[in-house]
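Okay, input-v4.cif is below, mmCIF, C-alpha atoms and all ligand atoms:
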```cif
data_target
#
loop_
_atom_site.label_atom_id
_atom_site.label_comp_id
_atom_site.auth_asym_id
_atom_site.auth_seq_id
_atom_site.Cartn_x
_atom_site.Cartn_y
_atom_site.Cartn_z
CA MET A 1 -3.51 28.09 13.97
CA ARG A 2 -1.55 29.22 10.96
CA ASP A 3 -2.15 32.56 9.31
CA ARG A 4 -4.37 32.59 6.30
CA LYS A 5 -3.37 34.41 3.16
CA PRO A 6 -5.72 35.99 0.60
CA GLY A 7 -7.64 33.41 -1.41
CA THR A 8 -8.64 31.94 1.90
CA VAL A 9 -12.27 31.29 1.25
CA ARG A 10 -11.50 28.88 -1.51
CA ASP A 11 -8.69 27.26 0.51
CA LEU A 12 -11.01 26.88 3.47
CA ARG A 13 -13.68 25.29 1.31
CA ARG A 14 -11.16 22.85 -0.12
CA GLU A 15 -9.86 22.00 3.36
CA ASN A 16 -13.39 21.41 4.66
CA ARG A 17 -14.21 19.29 1.67
CA SER A 18 -11.04 17.25 2.10
CA ALA A 19 -11.59 16.80 5.86
CA LEU A 20 -15.11 15.57 5.20
CA LEU A 21 -14.04 13.20 2.41
CA TRP A 22 -11.25 11.68 4.57
CA SER A 23 -13.65 11.18 7.42
CA LEU A 24 -16.37 9.59 5.31
CA TYR A 25 -13.93 7.45 3.32
CA PHE A 26 -12.68 5.58 6.35
CA SER A 27 -15.95 5.35 8.22
CA GLN A 28 -19.05 4.99 6.12
CA PRO A 29 -21.97 5.24 5.95
CA ARG A 30 -22.38 8.27 8.15
CA THR A 31 -24.97 10.95 8.79
CA ARG A 32 -24.30 14.66 8.45
CA GLN A 33 -24.43 14.90 12.26
CA GLU A 34 -21.78 12.20 12.65
CA LEU A 35 -19.59 13.89 10.05
CA SER A 36 -19.92 17.17 11.90
CA GLU A 37 -18.83 15.52 15.17
CA ALA A 38 -15.96 13.65 13.50
CA THR A 39 -14.54 16.63 11.61
CA GLY A 40 -15.32 19.45 14.03
CA LEU A 41 -17.04 21.32 11.17
CA SER A 42 -20.38 22.98 11.90
CA LEU A 43 -23.50 21.19 10.75
CA ALA A 44 -24.12 24.06 8.31
CA SER A 45 -20.64 23.66 6.76
CA VAL A 46 -21.09 19.90 6.52
CA SER A 47 -24.46 20.37 4.83
CA ASN A 48 -22.95 22.78 2.29
CA VAL A 49 -20.07 20.49 1.43
CA VAL A 50 -22.33 17.42 1.29
CA ARG A 51 -24.70 19.19 -1.10
CA GLU A 52 -21.76 19.92 -3.39
CA LEU A 53 -20.49 16.32 -3.15
CA LEU A 54 -23.97 14.90 -3.83
CA ASP A 55 -24.33 17.18 -6.89
CA GLU A 56 -20.99 16.00 -8.21
CA GLY A 57 -21.88 12.35 -7.62
CA ILE A 58 -18.92 11.75 -5.30
CA VAL A 59 -21.18 10.99 -2.34
CA ILE A 60 -24.50 9.15 -2.46
CA GLU A 61 -27.34 8.58 -0.02
CA ALA A 62 -27.54 5.14 1.56
CA GLY A 63 -30.79 4.91 3.48
CA SER A 64 -31.49 6.53 6.81
CA VAL A 65 -31.43 5.94 10.56
CA ASP A 66 -33.95 6.99 13.17
CA SER A 67 -32.96 9.83 15.43
CA ASP A 68 -34.44 10.19 18.90
CA GLY A 69 -37.95 11.31 18.12
CA GLY A 70 -36.80 13.61 15.30
CA ARG A 71 -36.75 13.17 11.54
CA PRO A 72 -34.82 10.14 10.25
CA ARG A 73 -31.22 11.05 9.44
CA VAL A 74 -29.91 10.33 5.97
CA LEU A 75 -26.86 8.08 5.73
CA LEU A 76 -24.15 9.07 3.28
CA ARG A 77 -21.41 7.06 1.65
CA MET A 78 -18.80 7.38 -1.06
CA ASN A 79 -20.03 6.55 -4.54
CA PRO A 80 -17.86 3.54 -5.41
CA GLU A 81 -18.50 4.16 -9.12
CA TYR A 82 -17.43 7.81 -9.09
CA GLY A 83 -14.00 6.81 -10.25
CA TYR A 84 -11.58 3.91 -10.39
CA VAL A 85 -7.95 3.45 -9.46
CA ILE A 86 -5.30 0.97 -10.57
CA GLY A 87 -2.48 -0.41 -8.44
CA VAL A 88 0.64 -2.00 -9.92
CA ASP A 89 3.09 -4.14 -7.96
CA VAL A 90 6.43 -4.54 -9.69
CA GLY A 91 8.06 -7.34 -7.73
CA GLU A 92 11.00 -9.69 -8.11
CA THR A 93 8.84 -12.62 -9.11
CA ARG A 94 5.82 -11.01 -10.75
CA VAL A 95 4.10 -7.91 -12.07
CA ARG A 96 0.60 -7.54 -10.70
CA VAL A 97 -1.98 -5.03 -11.93
CA GLU A 98 -5.30 -4.56 -10.11
CA LEU A 99 -8.24 -2.26 -10.79
CA PHE A 100 -10.42 -1.09 -7.90
CA ASP A 101 -13.45 1.12 -7.54
CA LEU A 102 -13.26 4.15 -5.27
CA VAL A 103 -13.92 2.12 -2.08
CA MET A 104 -11.27 -0.39 -3.12
CA THR A 105 -13.41 -3.28 -4.21
CA GLU A 106 -11.31 -5.16 -6.72
CA ARG A 107 -12.89 -5.20 -10.17
CA ALA A 108 -10.17 -6.85 -12.27
CA LYS A 109 -6.61 -8.08 -12.06
CA ALA A 110 -3.78 -9.30 -14.21
CA ASP A 111 -0.70 -11.13 -13.02
CA TYR A 112 2.51 -11.87 -14.92
CA ARG A 113 5.40 -14.02 -13.72
CA LEU A 114 8.92 -12.63 -13.90
CA ARG A 115 12.07 -14.71 -13.84
CA PRO A 116 14.20 -13.69 -10.84
CA ARG A 117 17.02 -11.40 -11.91
CA LYS A 118 15.41 -10.96 -15.34
CA HIS A 119 14.09 -7.47 -14.83
CA ASP A 120 14.80 -5.68 -18.08
CA PRO A 121 13.02 -2.30 -17.70
CA GLY A 122 11.57 -2.52 -21.20
CA VAL A 123 10.07 -5.95 -20.46
CA VAL A 124 8.63 -4.79 -17.13
CA ALA A 125 7.15 -1.62 -18.70
CA GLU A 126 5.62 -3.73 -21.45
CA LEU A 127 4.00 -6.06 -18.88
CA ILE A 128 2.60 -3.10 -16.92
CA LEU A 129 1.07 -1.66 -20.09
CA GLN A 130 -0.32 -5.06 -21.01
CA GLY A 131 -1.82 -5.33 -17.51
CA LEU A 132 -3.40 -1.86 -17.72
CA GLY A 133 -5.05 -2.83 -21.01
CA ALA A 134 -6.19 -6.17 -19.56
CA VAL A 135 -7.84 -4.80 -16.40
CA LEU A 136 -9.60 -2.02 -18.32
CA ALA A 137 -10.89 -4.54 -20.86
CA ASP A 138 -11.95 -7.12 -18.25
CA SER A 139 -13.79 -4.58 -16.10
CA ALA A 140 -15.22 -2.69 -19.10
CA ILE A 141 -14.22 0.56 -17.37
CA ASP A 142 -13.66 3.55 -19.62
CA PRO A 143 -10.09 4.90 -19.19
CA SER A 144 -11.56 8.37 -18.65
CA ALA A 145 -13.12 7.08 -15.39
CA VAL A 146 -9.71 6.14 -13.99
CA LEU A 147 -8.54 8.68 -11.39
CA GLY A 148 -5.00 7.41 -11.59
CA VAL A 149 -2.53 4.56 -11.51
CA GLY A 150 -0.13 3.94 -8.62
CA VAL A 151 2.99 1.90 -9.29
CA GLY A 152 4.92 0.24 -6.45
CA VAL A 153 8.52 -0.54 -7.42
CA PRO A 154 11.42 -2.39 -5.77
CA GLY A 155 13.74 0.55 -5.40
CA ILE A 156 14.13 4.14 -4.36
CA VAL A 157 11.89 6.50 -6.33
CA GLN A 158 13.29 9.87 -7.32
CA GLN A 159 10.35 12.12 -8.28
CA GLU A 160 12.14 15.18 -9.71
CA PRO A 161 12.95 16.37 -12.34
CA GLU A 162 11.55 13.15 -13.76
CA VAL A 163 10.63 9.84 -12.14
CA LEU A 164 13.72 7.64 -11.88
CA VAL A 165 13.85 4.28 -10.11
CA HIS A 166 17.08 3.39 -8.33
CA GLY A 167 16.70 -0.34 -7.76
CA GLN A 168 20.22 -1.32 -6.80
CA THR A 169 19.35 -4.94 -5.97
CA TYR A 170 16.83 -5.21 -8.81
CA GLY A 171 19.37 -4.34 -11.46
CA TRP A 172 17.77 -0.95 -12.19
CA ASP A 173 20.01 2.09 -12.27
CA ALA A 174 18.06 5.35 -12.70
CA VAL A 175 15.36 3.73 -14.82
CA PRO A 176 12.98 6.37 -16.28
CA LEU A 177 9.92 4.22 -15.68
CA GLU A 178 7.36 6.97 -16.17
CA ARG A 179 8.88 7.88 -19.53
CA LEU A 180 8.81 4.21 -20.56
CA LEU A 181 5.14 3.89 -19.60
CA ARG A 182 4.16 7.22 -21.20
CA ALA A 183 4.87 5.61 -24.56
CA GLY A 184 1.80 3.44 -24.02
CA THR A 185 -0.65 5.20 -21.70
CA SER A 186 -2.00 8.65 -20.94
CA LEU A 187 -3.46 7.68 -17.54
CA PRO A 188 -2.23 9.77 -14.57
CA LEU A 189 0.70 7.88 -13.00
CA ARG A 190 2.21 7.97 -9.49
CA PHE A 191 5.27 6.02 -8.36
CA GLU A 192 6.39 4.84 -4.94
CA ASN A 193 8.62 2.23 -3.34
CA GLY A 194 6.72 -1.05 -2.94
CA ALA A 195 7.43 -1.41 0.78
CA LYS A 196 5.98 2.07 1.28
CA THR A 197 2.83 1.30 -0.75
CA MET A 198 2.37 -1.91 1.26
CA GLY A 199 2.83 0.14 4.42
CA GLN A 200 0.10 2.56 3.34
CA ALA A 201 -2.29 -0.34 2.54
CA GLU A 202 -1.78 -1.91 5.99
CA LEU A 203 -2.04 1.52 7.60
CA TRP A 204 -5.31 2.41 5.85
CA PHE A 205 -7.07 -0.94 5.76
CA GLY A 206 -5.06 -3.61 7.56
CA ALA A 207 -2.95 -4.45 10.58
CA GLY A 208 -1.62 -0.90 10.89
CA ARG A 209 -5.05 0.73 11.14
CA GLY A 210 -5.20 3.33 13.87
CA ALA A 211 -1.45 3.21 14.58
CA ARG A 212 0.45 6.51 14.85
CA HIS A 213 3.92 4.98 15.03
CA ALA A 214 4.43 1.71 13.21
CA VAL A 215 6.84 -0.17 11.01
CA VAL A 216 5.44 -2.25 8.18
CA ALA A 217 8.13 -4.75 7.17
CA LEU A 218 8.09 -6.27 3.72
CA VAL A 219 9.89 -9.58 3.33
CA ALA A 220 9.85 -10.99 -0.20
CA SER A 221 12.87 -11.78 -2.37
CA GLY A 222 14.07 -8.42 -1.15
CA VAL A 223 13.50 -6.86 2.26
CA GLY A 224 12.29 -3.35 3.05
CA ALA A 225 10.12 -1.42 5.45
CA ALA A 226 7.75 1.51 5.67
CA LEU A 227 8.33 3.71 8.70
CA ILE A 228 5.08 5.29 9.84
CA SER A 229 5.72 8.28 12.07
CA GLY A 230 2.83 10.34 13.42
CA GLY A 231 0.45 8.61 11.02
CA SER A 232 2.39 9.23 7.81
CA THR A 233 5.33 7.64 6.04
CA TYR A 234 8.77 8.90 6.98
CA ARG A 235 10.84 9.34 3.82
CA GLY A 236 14.21 10.88 4.65
CA THR A 237 16.19 13.26 2.41
CA THR A 238 15.96 11.29 -0.83
CA SER A 239 13.02 9.03 -0.05
CA SER A 240 15.16 6.00 0.78
CA ALA A 241 14.25 5.77 4.47
CA GLY A 242 13.18 2.25 5.41
CA GLU A 243 15.88 0.31 3.54
CA TRP A 244 15.92 -2.06 6.49
CA GLY A 245 17.05 -5.01 4.33
CA HIS A 246 20.44 -3.37 3.89
CA THR A 247 21.22 -2.79 7.54
CA THR A 248 24.06 -5.01 8.74
CA ILE A 249 23.04 -8.03 10.78
CA VAL A 250 26.31 -10.01 10.56
CA PHE A 251 29.58 -8.08 10.38
CA GLY A 252 31.59 -9.50 7.47
CA GLY A 253 28.74 -11.87 6.65
CA ARG A 254 27.17 -13.14 3.45
CA THR A 255 27.52 -11.04 0.33
CA CYS A 256 24.35 -9.08 -0.37
CA ARG A 257 22.86 -8.26 -3.75
CA CYS A 258 23.54 -4.59 -2.95
CA GLY A 259 27.28 -5.34 -2.95
CA SER A 260 27.75 -5.04 0.78
CA ALA A 261 28.22 -7.91 3.23
CA GLY A 262 26.09 -9.17 6.11
CA CYS A 263 22.89 -7.29 5.22
CA LEU A 264 19.63 -8.54 6.73
CA GLU A 265 18.35 -9.25 3.21
CA ALA A 266 21.29 -11.62 2.65
CA TYR A 267 19.83 -13.79 5.44
CA VAL A 268 16.05 -13.40 5.39
CA GLY A 269 15.23 -12.44 1.79
CA ALA A 270 13.52 -15.42 0.09
CA GLU A 271 16.37 -15.88 -2.37
CA SER A 272 18.91 -15.85 0.47
CA ILE A 273 16.98 -18.34 2.60
CA LEU A 274 16.89 -20.74 -0.34
CA GLU A 275 20.63 -20.23 -0.93
CA ARG A 276 21.39 -20.88 2.74
CA TYR A 277 19.43 -24.14 2.48
CA GLY A 278 21.35 -24.99 -0.69
CA ARG A 279 19.42 -28.13 -1.66
CA PRO A 280 17.01 -28.60 -4.55
CA LEU A 281 13.36 -28.01 -3.68
CA PRO A 282 10.21 -28.79 -5.64
CA GLY A 283 8.49 -25.91 -7.38
CA GLU A 284 9.33 -23.88 -10.43
CA ASP A 285 9.76 -20.51 -8.76
CA GLU A 286 10.94 -18.89 -5.53
CA GLU A 287 7.46 -18.71 -4.04
CA SER A 288 6.76 -22.43 -4.37
CA ALA A 289 10.34 -23.35 -3.35
CA LEU A 290 10.07 -21.37 -0.10
CA ALA A 291 6.65 -22.92 0.60
CA ALA A 292 8.24 -26.35 0.09
CA LEU A 293 11.06 -25.46 2.48
CA VAL A 294 8.56 -24.40 5.18
CA GLU A 295 6.75 -27.69 4.66
CA ALA A 296 10.00 -29.70 4.73
CA ALA A 297 10.88 -28.28 8.16
CA ASP A 298 8.51 -30.80 9.75
CA SER A 299 10.57 -33.73 8.50
CA SER A 300 14.03 -32.35 7.65
CA ALA A 301 16.43 -31.27 10.38
CA LEU A 302 18.37 -29.07 7.95
CA ALA A 303 15.22 -27.28 6.76
CA ALA A 304 14.14 -26.80 10.40
CA THR A 305 17.55 -25.30 11.29
CA ILE A 306 17.44 -22.92 8.34
CA LEU A 307 14.00 -21.70 9.44
CA ASP A 308 15.04 -21.41 13.10
CA ASP A 309 18.03 -19.30 12.03
CA THR A 310 15.76 -17.21 9.81
CA ALA A 311 13.49 -16.49 12.79
CA GLU A 312 16.57 -15.43 14.81
CA TYR A 313 17.83 -13.09 12.07
CA LEU A 314 14.39 -11.62 11.49
CA GLY A 315 13.83 -11.22 15.24
CA ALA A 316 17.18 -9.46 15.60
CA GLY A 317 16.29 -7.16 12.70
CA ILE A 318 12.94 -6.39 14.31
CA GLY A 319 14.69 -5.78 17.64
CA ASN A 320 16.77 -3.14 15.83
CA LEU A 321 13.61 -1.51 14.50
CA ILE A 322 12.13 -1.42 18.00
CA ASN A 323 15.26 0.14 19.50
CA LEU A 324 15.59 2.70 16.70
CA PHE A 325 11.98 3.75 16.17
CA ASN A 326 9.98 2.87 19.30
CA PRO A 327 6.92 1.82 17.26
CA GLU A 328 3.65 0.76 18.84
CA ARG A 329 3.24 -1.90 16.18
CA ILE A 330 5.39 -3.88 13.78
CA VAL A 331 3.54 -5.50 10.91
CA LEU A 332 5.26 -8.33 9.05
CA GLY A 333 4.11 -8.63 5.44
CA GLY A 334 5.26 -9.46 1.94
CA TRP A 335 4.66 -12.90 0.43
CA ALA A 336 7.69 -14.47 2.17
CA GLY A 337 7.08 -12.62 5.46
CA LEU A 338 3.51 -13.95 5.58
CA LEU A 339 4.58 -17.47 4.61
CA LEU A 340 7.32 -17.56 7.24
CA GLY A 341 5.31 -15.67 9.84
CA ARG A 342 2.45 -18.15 9.82
CA LYS A 343 4.90 -20.76 11.13
CA LEU A 344 7.56 -18.68 12.86
CA LEU A 345 5.83 -15.67 14.41
CA PRO A 346 6.25 -16.82 18.06
CA ALA A 347 9.95 -17.60 17.44
CA ILE A 348 10.41 -14.24 15.70
CA GLN A 349 8.76 -12.46 18.64
CA ASP A 350 11.02 -14.32 21.11
CA ALA A 351 14.12 -13.39 19.14
CA ALA A 352 13.01 -9.75 18.94
CA ARG A 353 12.50 -9.75 22.71
CA GLY A 354 16.07 -10.97 23.11
CA HIS A 355 17.48 -8.15 20.99
CA ALA A 356 15.32 -5.17 21.96
CA LEU A 357 15.43 -3.08 25.09
CA ARG A 358 12.72 -4.22 27.51
CA HIS A 359 10.88 -0.93 27.81
CA PRO A 360 10.25 -0.23 24.10
CA PHE A 361 9.71 -3.97 23.45
CA ALA A 362 6.89 -4.01 25.99
CA ALA A 363 5.18 -1.17 24.10
CA THR A 364 5.34 -2.93 20.72
CA SER A 365 3.12 -5.59 19.21
CA ILE A 366 4.53 -7.73 16.40
CA GLU A 367 1.89 -9.09 14.10
CA LEU A 368 1.28 -10.38 10.60
CA GLY A 369 -0.12 -8.21 7.82
CA HIS A 370 -3.85 -8.58 7.23
CA LEU A 371 -4.00 -7.91 3.53
CA GLY A 372 -2.06 -10.78 2.04
CA PRO A 373 0.61 -10.69 -0.64
CA GLU A 374 -1.45 -8.33 -2.80
CA ALA A 375 -1.04 -5.47 -0.34
CA VAL A 376 1.64 -3.79 -2.49
CA ALA A 377 -0.79 -3.40 -5.41
CA LEU A 378 -3.63 -2.32 -3.11
CA GLY A 379 -1.33 0.23 -1.49
CA ALA A 380 -0.16 1.50 -4.88
CA ALA A 381 -3.81 2.07 -5.79
CA THR A 382 -4.21 4.24 -2.68
CA LEU A 383 -1.74 6.79 -4.18
CA PRO A 384 -4.35 8.27 -6.58
CA VAL A 385 -7.07 7.87 -3.90
CA GLU A 386 -4.94 9.93 -1.51
CA ARG A 387 -4.64 12.72 -4.06
CA PHE A 388 -8.37 12.56 -4.72
CA LEU A 389 -9.24 12.84 -1.02
CA LYS A 390 -6.82 15.75 -0.68
CA GLY A 391 -8.55 17.49 -3.56
CA ILE A 392 -5.60 17.42 -5.96
CA PRO A 393 -7.19 17.08 -9.38
CA ALA A 394 -6.10 14.33 -11.74
CA PRO A 395 -4.91 15.80 -15.03
CA ALA A 396 -7.30 13.74 -17.12
CA ASP A 397 -10.82 15.09 -16.96
CA SER A 398 -13.40 15.13 -19.67
CA ALA A 399 -17.04 15.01 -20.58
CA ALA A 400 -16.74 11.25 -20.36
CA ARG A 401 -15.89 11.60 -16.66
CA SER A 402 -19.06 13.58 -16.01
CA ARG A 403 -21.07 10.93 -17.79
CA GLN A 404 -19.38 8.33 -15.63
CA ARG A 405 -20.27 10.23 -12.47
CA ARG A 406 -23.92 10.13 -13.37
CA ALA A 407 -23.86 6.48 -14.37
CA ALA A 408 -26.10 4.08 -12.51
CA ILE A 409 -24.66 2.52 -9.41
CA ALA A 410 -24.13 -1.19 -9.89
CA PRO A 411 -23.73 -3.14 -6.66
CA ALA A 412 -20.35 -4.81 -6.25
CA ALA A 413 -20.38 -8.47 -7.22
CA ALA A 414 -20.90 -10.91 -4.37
CA GLY A 415 -17.75 -12.08 -2.67
CA GLN A 416 -15.83 -8.91 -3.47
CA ARG A 417 -14.70 -6.93 -0.50
CA ALA A 418 -14.60 -3.20 -0.20
CA TRP A 419 -11.63 -2.01 1.85
CA ALA A 420 -12.75 1.53 2.58
CA GLY A 421 -15.16 2.26 5.38
CA ASP A 422 -16.02 0.42 8.56
CA ARG A 423 -15.87 -3.31 8.31
CA GLY A 424 -16.85 -4.96 11.56
ZN ZN A 501 22.49 -5.24 1.10
#
```
Please render this file's structure as structure tokens.
Amino acid sequence: MRDRKPGTVRDLRRENRSALLWSLYFSQPRTRQELSEATGLSLASVSNVVRELLDEGIVIEAGSVDSDGGRPRVLLRMNPEYGYVIGVDVGETRVRVELFDLVMTERAKADYRLRPRKHDPGVVAELILQGLGAVLADSAIDPSAVLGVGVGVPGIVQQEPEVLVHGQTYGWDAVPLERLLRAGTSLPLRFENGAKTMGQAELWFGAGRGARHAVVALVASGVGAALISGGSTYRGTTSSAGEWGHTTIVFGGRTCRCGSAGCLEAYVGAESILERYGRPLPGEDEESALAALVEAADSSALAATILDDTAEYLGAGIGNLINLFNPERIVLGGWAGLLLGRKLLPAIQDAARGHALRHPFAATSIELGHLGPEAVALGAATLPVERFLKGIPAPADSAARSRQRRAAIAPAAAGQRAWAGDRG
């Protein structure tokens, strides 16, 4: 155990509170006894922290369960209405903005198409701001109730001294995205690479749940990955770790958008697959064109060959991930990864087997993401949730927030799904 410095009592209280919130967030409803067992905190400590959280409106009571002969035990859960979070997915083909309550039930969304390779930072910032306004208006949520906004971007995010996005293949060179957005919003903002936000979504709520060592691979127009090591995202020196799309798969191969040759992305990125096919396809954008190609593979030998090759390239890339990182699980996601994976997963697994060492391959499962193409936005929205659970205060706080905390709890609309907590 590490040494404690003066100021300890407050630190200890914050740590206990955070441990309890993390535990309850991912497994609710729970009784005080269950929280005590799950966190290792004494029942007295749990009761103290719970009292505080009930007073603040962060936790609410949710019925009770019988205990063996004793008094019924009160069930506790997170108050979904305590605060809201917004996730933004800046992609190659669209900008998506989604507003969630605290347990990640979606309350509103806005979606704007982008033309590939037309990614002027001013235009993208304008669409994000438009989306923020739209989801707040549609959900009738007061901005003061928003804990924060997470933005997933296609590039490397430099956090200091100011947020700069280095999106070499996106046409963004040190774009000061936070500064651009600050012109139109005062909401707390966090930024992260989109593959990493998708990785966190799958890790928290999807196919990566429970994994300690995993790779969540994002295949869209571009290709990236989130490396989960010991339960958290591995970042590297300048946060660029996971740029799997720009590892070389064919020496001297196709020119990549990054300027290099033979990168994985130049073979399995949606744009590259369509280029390798080289024939016109129905559909007005990349997403519908790739869907048409997958469909055409049943009747066209050329389309079938292109997809077979794609499975080989992807499998070889995944074999590299297995040999390098020894993950227990590889999750294939991203809109193109999911589209291709639904048809090609067995072929991709076979190819990976052919390229990975037998021992680590046998310890790895390769599966599709569970959260669909919106996982980047969902994951971006977990950035402010993560800070909240850790007890890092959002800068914006006001009387309006306290009013919000005490507001009546409206049940989530039917058909909406809450991501946080146990879902059998
Ligand atoms: Zn490249």
Could you build a table of the residues in chain A lying no more than 6 Å from ligand ZN 501 (chain A), giving for each the nearest pair of atoms and their separation in Å rounded to one decimal place, using all atoms listed in the file, ordered by chain and ascending residue number, as a Markdown table?
```
| residue | atom | partner | partner_atom | distance |
| --- | --- | --- | --- | --- |
| A:His246 | CA | A:ZN501 | ZN | 3.9 |
| A:Cys256 | CA | A:ZN501 | ZN | 4.5 |
| A:Arg257 | CA | A:ZN501 | ZN | 5.7 |
| A:Cys258 | CA | A:ZN501 | ZN | 4.2 |
| A:Ser260 | CA | A:ZN501 | ZN | 5.3 |
| A:Cys263 | CA | A:ZN501 | ZN | 4.6 |
```
Excluding A:Ile306 and its own-chain neighbours fewer than 6 positions away, which residues fall within 10 Å of it when counting all atoms listed in the file? Please give them as an mmCIF file with C-alpha atoms, in the frame of the given file.
```cif
data_model
loop_
_atom_site.group_PDB
_atom_site.id
_atom_site.type_symbol
_atom_site.label_atom_id
_atom_site.label_comp_id
_atom_site.auth_asym_id
_atom_site.auth_seq_id
_atom_site.Cartn_x
_atom_site.Cartn_y
_atom_site.Cartn_z
ATOM 1 C CA TYR A 267 19.830 -13.790 5.440
ATOM 2 C CA ILE A 273 16.980 -18.340 2.600
ATOM 3 C CA LEU A 274 16.890 -20.740 -0.340
ATOM 4 C CA ARG A 276 21.390 -20.880 2.740
ATOM 5 C CA TYR A 277 19.430 -24.140 2.480
ATOM 6 C CA LEU A 293 11.060 -25.460 2.480
ATOM 7 C CA VAL A 294 8.560 -24.400 5.180
ATOM 8 C CA ALA A 297 10.880 -28.280 8.160
ATOM 9 C CA GLU A 312 16.570 -15.430 14.810
#
```
Fill in the blank from the handout: Judged by only C-alpha atoms, the minimum distance to A:Thr238 among A:Gly155, A:Gly171, A:Gly148, A:Gly421 is found for A:Gly155
Handout entry: Exercise: A:Val74 partners within 12 Å, all atoms listed in the file, chain neighbours under 3 positions left out, as a PyMOL selection string
Key = chain A and resi 29-35+47+50+60-67+71+77
Problem - Shell of 7 Å around stretch 378-392 of chain A, all atoms listed in the file, local chain residues under 4 positions omitted, as an MDAnalysis selection string - result: chainID A and resid 14 18 21:22 85:88 147:152 190 197:198 200:201 374
Would you output that residue set with C-alpha atoms, as a PDB file, in the frame of the given file?
```
ATOM      1  CA  ARG A  14     -11.160  22.850  -0.120  1.00  0.00           C
ATOM      2  CA  SER A  18     -11.040  17.250   2.100  1.00  0.00           C
ATOM      3  CA  LEU A  21     -14.040  13.200   2.410  1.00  0.00           C
ATOM      4  CA  TRP A  22     -11.250  11.680   4.570  1.00  0.00           C
ATOM      5  CA  VAL A  85      -7.950   3.450  -9.460  1.00  0.00           C
ATOM      6  CA  ILE A  86      -5.300   0.970 -10.570  1.00  0.00           C
ATOM      7  CA  GLY A  87      -2.480  -0.410  -8.440  1.00  0.00           C
ATOM      8  CA  VAL A  88       0.640  -2.000  -9.920  1.00  0.00           C
ATOM      9  CA  LEU A 147      -8.540   8.680 -11.390  1.00  0.00           C
ATOM     10  CA  GLY A 148      -5.000   7.410 -11.590  1.00  0.00           C
ATOM     11  CA  VAL A 149      -2.530   4.560 -11.510  1.00  0.00           C
ATOM     12  CA  GLY A 150      -0.130   3.940  -8.620  1.00  0.00           C
ATOM     13  CA  VAL A 151       2.990   1.900  -9.290  1.00  0.00           C
ATOM     14  CA  GLY A 152       4.920   0.240  -6.450  1.00  0.00           C
ATOM     15  CA  ARG A 190       2.210   7.970  -9.490  1.00  0.00           C
ATOM     16  CA  THR A 197       2.830   1.300  -0.750  1.00  0.00           C
ATOM     17  CA  MET A 198       2.370  -1.910   1.260  1.00  0.00           C
ATOM     18  CA  GLN A 200       0.100   2.560   3.340  1.00  0.00           C
ATOM     19  CA  ALA A 201      -2.290  -0.340   2.540  1.00  0.00           C
ATOM     20  CA  GLU A 374      -1.450  -8.330  -2.800  1.00  0.00           C
TER      21      GLU A 374
END
```
Handout entry: Nearest candidate to A:Gly206 (options A:Pro116, A:Glu367, A:Leu43, A:Phe251; using only C-alpha atoms)
Key = A:Glu367
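Pairwise distance (atom CA of A:Val153, atom CA of A:Val165) equals 7.7 Å.
Distance check against A:Val157 using only C-alpha atoms: of A:Gln130, A:Thr185, A:Ser139, A:Ser240, the minimum falls on A:Ser240.
Between atom CA of A:Asp298 and atom CA of A:Leu339 the interatomic distance comes to 14.8 Å.
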Handout entry: Residues near A:Asn320, cut-off 9 Å, all atoms listed in the file, skip fewer than 4 positions along chain, as a PyMOL selection string
Key = chain A and resi 315-316+324-325+352+355-356
Could the residues in this selection be saved with C-alpha atoms as a short mmCIF file (atom, residue, chain, number, x, y, z; two decimals), keeping the file's coordinate frame?
```cif
data_model
loop_
_atom_site.label_atom_id
_atom_site.label_comp_id
_atom_site.auth_asym_id
_atom_site.auth_seq_id
_atom_site.Cartn_x
_atom_site.Cartn_y
_atom_site.Cartn_z
CA GLY A 315 13.83 -11.22 15.24
CA ALA A 316 17.18 -9.46 15.60
CA LEU A 324 15.59 2.70 16.70
CA PHE A 325 11.98 3.75 16.17
CA ALA A 352 13.01 -9.75 18.94
CA HIS A 355 17.48 -8.15 20.99
CA ALA A 356 15.32 -5.17 21.96
#
```
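Atom CA of A:Leu24 sits 8.1 Å away from atom CA of A:Leu76.
In terms of minimum interatomic distance to A:Thr233, A:Leu203 ranks closest within A:Ala261, A:Leu12, A:Leu203, A:Val95, counting all atoms listed in the file.
Shortest atom-to-atom contact with A:Ala270 among A:Trp244, A:Glu284, A:Ala301, A:Gly337: A:Gly337, counting all atoms listed in the file.
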Exercise for the section: Mind checking which residues fall within 12 Å of A:Leu321, counting all atoms listed in the file, ignoring those fewer than 5 positions away in the same chain, and posting them as a ChimeraX atom specification? Expected result: /A:213-217,224-228,242-245,247,314-316,326-331,352-353,355-357,360-361,364,366
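Between A:Ala347 and the candidates A:Leu177, A:Ala289, A:Leu307, A:Val124, the tightest atom-to-atom separation, counting all atoms listed in the file, involves A:Leu307.
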Once 6 Å is added on each side, what centre and edge lengths in Å to one decimal does the axis-aligned box around all listed atoms of stretch 303-320 of chain A have, as lines of an AutoDock Vina configuration file?
```
center_x = 15.5
center_y = -15.2
center_z = 12.2
size_x = 17.1
size_y = 36.1
size_z = 22.9
```
